[in-house]
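S.K.: Below you will find the structure I want to go over with you.
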Amino acid sequence: PVNNPIPGEQATAVEDLARMLRARGVLAEGQVIPVLPIDRLDIFLRKIGVYEDHGRVVGLAVQGSGLDHLPGSFWKLRDLRLLALGENHFTALPDRFDELERLTHLYLHANRMVDLPESITGLRDLEVLDLSHGQLISLPESLGRLNRLAFLYASHARLDHLPRSLAGLSALRYLNLTDNQFCSLPDTLGGLTGLVELRLYNNQLTELPGSLGN
C-alpha cells in the first residue's frame, strides 16, 4: 500500500501509477511514489512526486519515466491543480482532461503526440500549458476557450499554423513559438492585447502581421 495520508480512490490511483513505474524499473520493487506537502512542490527538482493538501492530491509529477499511457484510476484525481507528465513517451492522450477541472498548471513537454485532445480546452482555470520540445503539428481549434491561460510554451515542435480561436486567449502574457515551421502568422495575434513577450525565432517567417503593431 501507499505510505501516505491520502485516502480512498486517490490512494488507489497513486498506487496504480507506482505499479506501472515499478514494472518499468523506474521505481524499485516495493518503492512508492513519495508524498509531500504542497508547500514542498518543485517539479524541476523532483521529477516524480505526489503533493497533498489536507489529504487531497493537488499536485502530481511523473516525468522522465517512459510512460505511454495512464491507468484508468488516474482520472479519480479530480483535485489536481498541477500535473507534470513531461519527458515521457505519450503518442496520444485520452480525451478526458476536462474531468480534471481544477487544473491550473499542465506540463506535457517532450512527449510524442502530434495533436492534443480537445478536452484540454475545457480546463477553464488553466494558467500554464507547456507543450514544448515535442512532435505537435497542430493545436486544438478550440484553444481560445482557455481564457485564463497566461503562459503557453509551444516551442521546438512542428507547428506551421495557429487556430483561429487564438485571439480568445485574453489573459495570455507569454507565448513561445520558437523553433517551429511557421511561414506566416495570422492577424489574430494582434488581438492578444495582454501579451508581454512573444518568441518567434528559428521559424521561416519573412514578415510579421501588421496587427502586432496595434
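Naming works like this for the C-alpha cells: A, B, ... for the chains as they're shown, residue 1 at the start of each chain, ligands 1 onward in shown order.
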Report as a PyMOL selection string all protein, DNA and RNA residues lying within 6 Å of segment 151-164 of chain A, evaluated on only C-alpha atoms, omitting residues in the same chain fewer than 6 positions from it.
M.R.: chain A and resi 128-138+141+174-182
S.K.: Report as a PyMOL selection string: the residues of segment 32-139 of chain A with a DSSP assignment of helix (DSSP H, G or I), based on the backbone of this structure.
M.R.: chain A and resi 38-40+72-76+97-99+118-122
S.K.: Please dump the current selection as a compact mmCIF listing (two decimals), in the first residue's frame; keep all heavy atoms.
M.R.:
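To be explicit, this is the file written out as out.txt:
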# COMPACT_ATOMS: atom_id res chain seq x y z
N ILE A 38 2.05 20.22 -0.02
CA ILE A 38 2.01 21.10 -1.17
C ILE A 38 3.05 22.21 -1.10
O ILE A 38 3.55 22.68 -2.12
CB ILE A 38 0.58 21.70 -1.33
CG1 ILE A 38 0.46 22.47 -2.65
CG2 ILE A 38 0.21 22.56 -0.15
CD1 ILE A 38 0.66 21.66 -3.89
N ASP A 39 3.46 22.62 0.11
CA ASP A 39 4.44 23.71 0.21
C ASP A 39 5.84 23.27 -0.18
O ASP A 39 6.76 24.09 -0.23
CB ASP A 39 4.43 24.34 1.60
CG ASP A 39 4.76 23.35 2.71
OD1 ASP A 39 5.11 22.19 2.42
OD2 ASP A 39 4.65 23.75 3.88
N ARG A 40 6.03 21.98 -0.51
CA ARG A 40 7.33 21.50 -0.98
C ARG A 40 7.31 21.18 -2.48
O ARG A 40 8.20 20.53 -2.99
CB ARG A 40 7.77 20.27 -0.18
CG ARG A 40 8.08 20.57 1.28
CD ARG A 40 8.50 19.34 2.02
NE ARG A 40 9.70 18.71 1.45
CZ ARG A 40 10.16 17.51 1.83
NH1 ARG A 40 9.54 16.83 2.78
NH2 ARG A 40 11.24 17.01 1.27
N GLY A 72 -6.57 3.70 -15.67
CA GLY A 72 -7.93 4.22 -15.64
C GLY A 72 -8.25 4.96 -14.35
O GLY A 72 -9.02 5.94 -14.35
N SER A 73 -7.66 4.52 -13.26
CA SER A 73 -7.93 5.14 -11.97
C SER A 73 -7.37 6.56 -11.87
O SER A 73 -7.78 7.33 -10.99
CB SER A 73 -7.34 4.29 -10.84
OG SER A 73 -5.94 4.11 -11.02
N PHE A 74 -6.46 6.92 -12.77
CA PHE A 74 -5.84 8.24 -12.72
C PHE A 74 -6.88 9.36 -12.71
O PHE A 74 -6.71 10.39 -12.05
CB PHE A 74 -4.91 8.40 -13.93
CG PHE A 74 -4.44 9.81 -14.16
CD1 PHE A 74 -3.37 10.30 -13.43
CD2 PHE A 74 -5.07 10.64 -15.08
CE1 PHE A 74 -2.93 11.61 -13.62
CE2 PHE A 74 -4.63 11.94 -15.27
CZ PHE A 74 -3.57 12.42 -14.54
N TRP A 75 -7.98 9.17 -13.42
CA TRP A 75 -8.97 10.23 -13.59
C TRP A 75 -9.79 10.47 -12.33
O TRP A 75 -10.64 11.37 -12.30
CB TRP A 75 -9.84 9.92 -14.80
CG TRP A 75 -8.98 9.74 -16.01
CD1 TRP A 75 -8.59 8.55 -16.57
CD2 TRP A 75 -8.31 10.76 -16.75
NE1 TRP A 75 -7.74 8.77 -17.62
CE2 TRP A 75 -7.54 10.12 -17.76
CE3 TRP A 75 -8.29 12.15 -16.67
CZ2 TRP A 75 -6.77 10.83 -18.68
CZ3 TRP A 75 -7.52 12.86 -17.58
CH2 TRP A 75 -6.77 12.20 -18.56
N LYS A 76 -9.51 9.68 -11.28
CA LYS A 76 -10.14 9.94 -9.97
C LYS A 76 -9.43 11.07 -9.23
O LYS A 76 -9.91 11.53 -8.19
CB LYS A 76 -10.09 8.67 -9.11
CG LYS A 76 -10.81 7.47 -9.71
CD LYS A 76 -12.30 7.71 -9.80
CE LYS A 76 -13.02 6.44 -10.28
NZ LYS A 76 -14.49 6.66 -10.43
N PHE A 97 -9.46 15.18 -20.24
CA PHE A 97 -8.82 16.17 -19.38
C PHE A 97 -9.81 17.12 -18.72
O PHE A 97 -9.53 17.68 -17.66
CB PHE A 97 -7.76 16.94 -20.15
CG PHE A 97 -6.44 16.23 -20.17
CD1 PHE A 97 -6.19 15.26 -21.13
CD2 PHE A 97 -5.48 16.49 -19.22
CE1 PHE A 97 -4.98 14.57 -21.14
CE2 PHE A 97 -4.27 15.81 -19.22
CZ PHE A 97 -4.02 14.85 -20.18
N ASP A 98 -10.97 17.30 -19.32
CA ASP A 98 -11.95 18.18 -18.69
C ASP A 98 -12.49 17.62 -17.38
O ASP A 98 -13.15 18.33 -16.61
CB ASP A 98 -13.10 18.50 -19.65
CG ASP A 98 -13.71 17.26 -20.29
OD1 ASP A 98 -13.18 16.15 -20.09
OD2 ASP A 98 -14.70 17.41 -21.02
N GLU A 99 -12.18 16.35 -17.08
CA GLU A 99 -12.55 15.79 -15.78
C GLU A 99 -11.66 16.34 -14.67
O GLU A 99 -12.00 16.26 -13.50
CB GLU A 99 -12.45 14.26 -15.82
CG GLU A 99 -13.42 13.61 -16.80
CD GLU A 99 -13.26 12.10 -16.86
OE1 GLU A 99 -12.97 11.49 -15.81
OE2 GLU A 99 -13.43 11.54 -17.97
N GLU A 118 -9.25 17.65 -27.60
CA GLU A 118 -9.98 18.91 -27.43
C GLU A 118 -10.39 19.14 -25.97
O GLU A 118 -10.58 20.29 -25.56
CB GLU A 118 -11.24 18.90 -28.32
CG GLU A 118 -10.96 19.05 -29.79
CD GLU A 118 -10.54 20.45 -30.19
OE1 GLU A 118 -10.92 21.42 -29.50
OE2 GLU A 118 -9.83 20.58 -31.21
N SER A 119 -10.46 18.06 -25.18
CA SER A 119 -10.90 18.22 -23.79
C SER A 119 -9.95 19.09 -22.98
O SER A 119 -10.35 19.66 -21.95
CB SER A 119 -11.05 16.85 -23.12
OG SER A 119 -9.82 16.14 -23.11
N ILE A 120 -8.71 19.23 -23.42
CA ILE A 120 -7.78 20.11 -22.71
C ILE A 120 -8.31 21.55 -22.70
O ILE A 120 -8.10 22.29 -21.74
CB ILE A 120 -6.37 20.03 -23.33
CG1 ILE A 120 -5.68 18.73 -22.87
CG2 ILE A 120 -5.51 21.24 -22.97
CD1 ILE A 120 -4.30 18.52 -23.41
N THR A 121 -9.03 21.93 -23.74
CA THR A 121 -9.55 23.30 -23.79
C THR A 121 -10.76 23.49 -22.87
O THR A 121 -11.27 24.61 -22.76
CB THR A 121 -9.91 23.71 -25.23
OG1 THR A 121 -11.04 22.96 -25.67
CG2 THR A 121 -8.73 23.48 -26.15
N GLY A 122 -11.18 22.43 -22.21
CA GLY A 122 -12.23 22.54 -21.21
C GLY A 122 -11.71 22.87 -19.82
O GLY A 122 -12.48 23.00 -18.87
S.K.: Rank nothing, just name the residue among A:Ala23, A:Ala150, A:Ala92, A:Leu83 nearest to Tyr107 of chain A, using only C-alpha atoms.
M.R.: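 Of all the options, A:Leu83 lies closest to Tyr107 of chain A.
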S.K.: Please identify all polymer residues within 12 Å of Val57 of chain A, counting only C-alpha atoms, omitting same-chain residues fewer than 4 positions from it, and present them as number ranges by chain.
M.R.: A: 4-14, 34-38, 41, 49-53, 61, 74-83, 100, 102-103
S.K.: Nearest residue to Pro94 of chain A out of A:Arg22, A:Arg56, A:Arg199, A:His69, using only C-alpha atoms?
M.R.: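 Between A:Arg22, A:Arg56, A:Arg199, A:His69, the residue approaching Pro94 of chain A most closely is A:His69.
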S.K.: Based on DSSP run over this structure's backbone, return all residues of segment 142-197 of chain A in strand (DSSP E), as a list in words.
M.R.: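 Those in segment 142-197 of chain A that DSSP calls strand (DSSP E) are Phe151, Leu152, Tyr153, Tyr174, Leu175, Asn176 and Glu197 of chain A.
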